[in-house]
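Below you'll find the structure, written out as structure tokens, and then a few comments.
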Amino acid sequence: MEISSESREFLENLRFYLISSGKKEKEIEEIIGELEDHLSEAEQNGKNVEDIIGKSPKEYMEQIANEMPVDIKGLLKYIQIIVIGAFSYILMGDAIRGELEYSLIDMIGYPFIFLLSLLLTSVLFKYVASNKITKTKEWLLFGIVGSTPLPLFIALIFLDRFYDTPTIQFGVIGNFIAIVFSIVVFVGIAIWSKTWVSIILPIILFLPEFIINKFSLEESTKIILSGIIPPVCFAAYALTVLKLEKSKDKKLTEQ
């Protein structure tokens, strides 16, 4: 079914908005499919998106979201997967460094930071999907939200040092189990999401550090290399993905 790039962008933003609002995926796809039919017919008669929805895209998205029930079961599943996935990153990093030790403050603080970050990300997704903003502003907002956990983790470290709470320590076997568990989680998320992101990101984050630690280098050199290599690899990966997306969009436009 042929629709304009403007209509296609609107449908993608609507899908993005409804997913971020915790709606059921099946119901989302049904609404998107029906709306796509209407848009296709309307465009053949010389009409555009706003002629069909009768209001601004933001108002329409809010109206649709308010009419749909929240998928509590689906939300809990996604939250569970995200929290386990995020904790697996921490487990993997700490196990590689041989620092698998967690206090009561850590075990309370980590889930809190994960859930807060998830909430902020959901709000940002809805804002980006329902408002026309420049790519620069979009990247800036994602950068701010993405960096929010960092000061919270730093605060957690200082809080942990200030208050003495019970601690759980893991030995060599614990480290090995943590690494195996993290790998299984990353692979499982990749299979579930049908993307390689959950496998590629840990490789970018942890493989350079693991390799660097195998060499007899000064500690300052290791810190510098560990701070430079992952961001460079991540930037190269992001640019590659962006290039592939642009190529895909270009092909769709040409069709």
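Residue numbers start at 1 in each chain; chains themselves are named A, B, ... in the order of the structure tokens; ligands are numbered from 1 in the order shown.
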Find the residues near A:Val197: any atom within 10 Å, counting only C-alpha atoms, skip ones fewer than 5 places away on the same chain, and give them as a short mmCIF file (atom, residue, chain, number, x, y, z; two decimals) with N, CA and C atoms, in the first residue's frame.
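Result file follows (result37.cif):
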```cif
data_model
loop_
_atom_site.label_atom_id
_atom_site.label_comp_id
_atom_site.auth_asym_id
_atom_site.auth_seq_id
_atom_site.Cartn_x
_atom_site.Cartn_y
_atom_site.Cartn_z
N PHE A 186 22.00 -11.63 27.45
CA PHE A 186 22.22 -10.83 26.23
C PHE A 186 21.75 -11.58 24.99
N VAL A 187 22.09 -12.86 24.92
CA VAL A 187 21.67 -13.67 23.78
C VAL A 187 20.15 -13.83 23.76
N ILE A 189 17.86 -11.81 25.00
CA ILE A 189 17.23 -10.55 24.60
C ILE A 189 17.37 -10.34 23.10
N ALA A 190 18.52 -10.73 22.55
CA ALA A 190 18.74 -10.59 21.10
C ALA A 190 17.76 -11.45 20.32
N PRO A 202 27.43 -5.06 24.64
CA PRO A 202 28.36 -5.61 25.63
C PRO A 202 29.76 -5.87 25.05
N ILE A 203 29.80 -6.27 23.78
CA ILE A 203 31.11 -6.49 23.14
C ILE A 203 31.88 -5.17 23.09
N TYR A 237 29.67 2.27 15.37
CA TYR A 237 28.47 1.43 15.26
C TYR A 237 27.24 2.29 14.99
#
```
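By only C-alpha atoms, and with residues fewer than 3 positions from A:Glu101 along its chain excluded, the set lying at most 8 Å from it is A:Thr167, A:Ile168, A:Gln169, A:Phe170.
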Next, write the just-selected residues to a file, as a short mmCIF file (atom, residue, chain, number, x, y, z; two decimals), in the first residue's frame, keeping all heavy atoms as the atom set.
```
data_model
loop_
_atom_site.label_atom_id
_atom_site.label_comp_id
_atom_site.auth_asym_id
_atom_site.auth_seq_id
_atom_site.Cartn_x
_atom_site.Cartn_y
_atom_site.Cartn_z
N THR A 167 26.87 -6.74 53.18
CA THR A 167 27.42 -6.90 51.83
C THR A 167 27.47 -8.37 51.43
O THR A 167 27.77 -9.23 52.26
CB THR A 167 28.85 -6.31 51.76
OG1 THR A 167 28.80 -4.92 52.10
CG2 THR A 167 29.42 -6.44 50.36
N ILE A 168 27.17 -8.62 50.17
CA ILE A 168 27.27 -9.97 49.62
C ILE A 168 28.50 -10.02 48.71
O ILE A 168 28.63 -9.21 47.79
CB ILE A 168 26.02 -10.35 48.81
CG1 ILE A 168 24.79 -10.34 49.70
CG2 ILE A 168 26.20 -11.73 48.17
CD1 ILE A 168 23.51 -10.63 48.97
N GLN A 169 29.40 -10.95 48.97
CA GLN A 169 30.62 -11.10 48.17
C GLN A 169 30.58 -12.41 47.39
O GLN A 169 30.09 -13.42 47.88
CB GLN A 169 31.85 -11.07 49.07
CG GLN A 169 32.09 -9.72 49.75
CD GLN A 169 33.33 -9.74 50.62
OE1 GLN A 169 33.68 -10.77 51.20
NE2 GLN A 169 33.99 -8.60 50.72
N PHE A 170 31.11 -12.35 46.16
CA PHE A 170 31.15 -13.54 45.30
C PHE A 170 32.61 -13.85 44.99
O PHE A 170 33.40 -12.96 44.69
CB PHE A 170 30.39 -13.28 44.00
CG PHE A 170 28.93 -12.98 44.20
CD1 PHE A 170 28.51 -11.68 44.48
CD2 PHE A 170 27.99 -13.98 44.14
CE1 PHE A 170 27.16 -11.40 44.66
CE2 PHE A 170 26.64 -13.71 44.33
CZ PHE A 170 26.23 -12.41 44.60
#
```
Long-range neighbours of A:Glu62 as a count of residues only, 10 Å cut-off, only C-alpha atoms, 2 positions minimum in chain: 14
Can you tell me which residues surround A:Glu27 at a distance of at most 10 Å, considering only C-alpha atoms, apart from same-chain residues fewer than 6 positions away, and format the answer as a VMD selection string? chain A and resid 18 33 68 to 69
With a distance cut-off of 12 Å and only C-alpha atoms, select the neighbouring residues of A:Ile173, excluding the residue or stretch itself and same-chain residues fewer than 4 positions from it, and output the selection as a list in words. Ala95, Gly98, Leu100, Gln169, Ile177, Ala178, Ile179 and Val180 of chain A
Can you check which residues of stretch 136-192 of chain A DSSP gives as alpha helix (DSSP H) on the backbone and send them as a count of residues only? 47
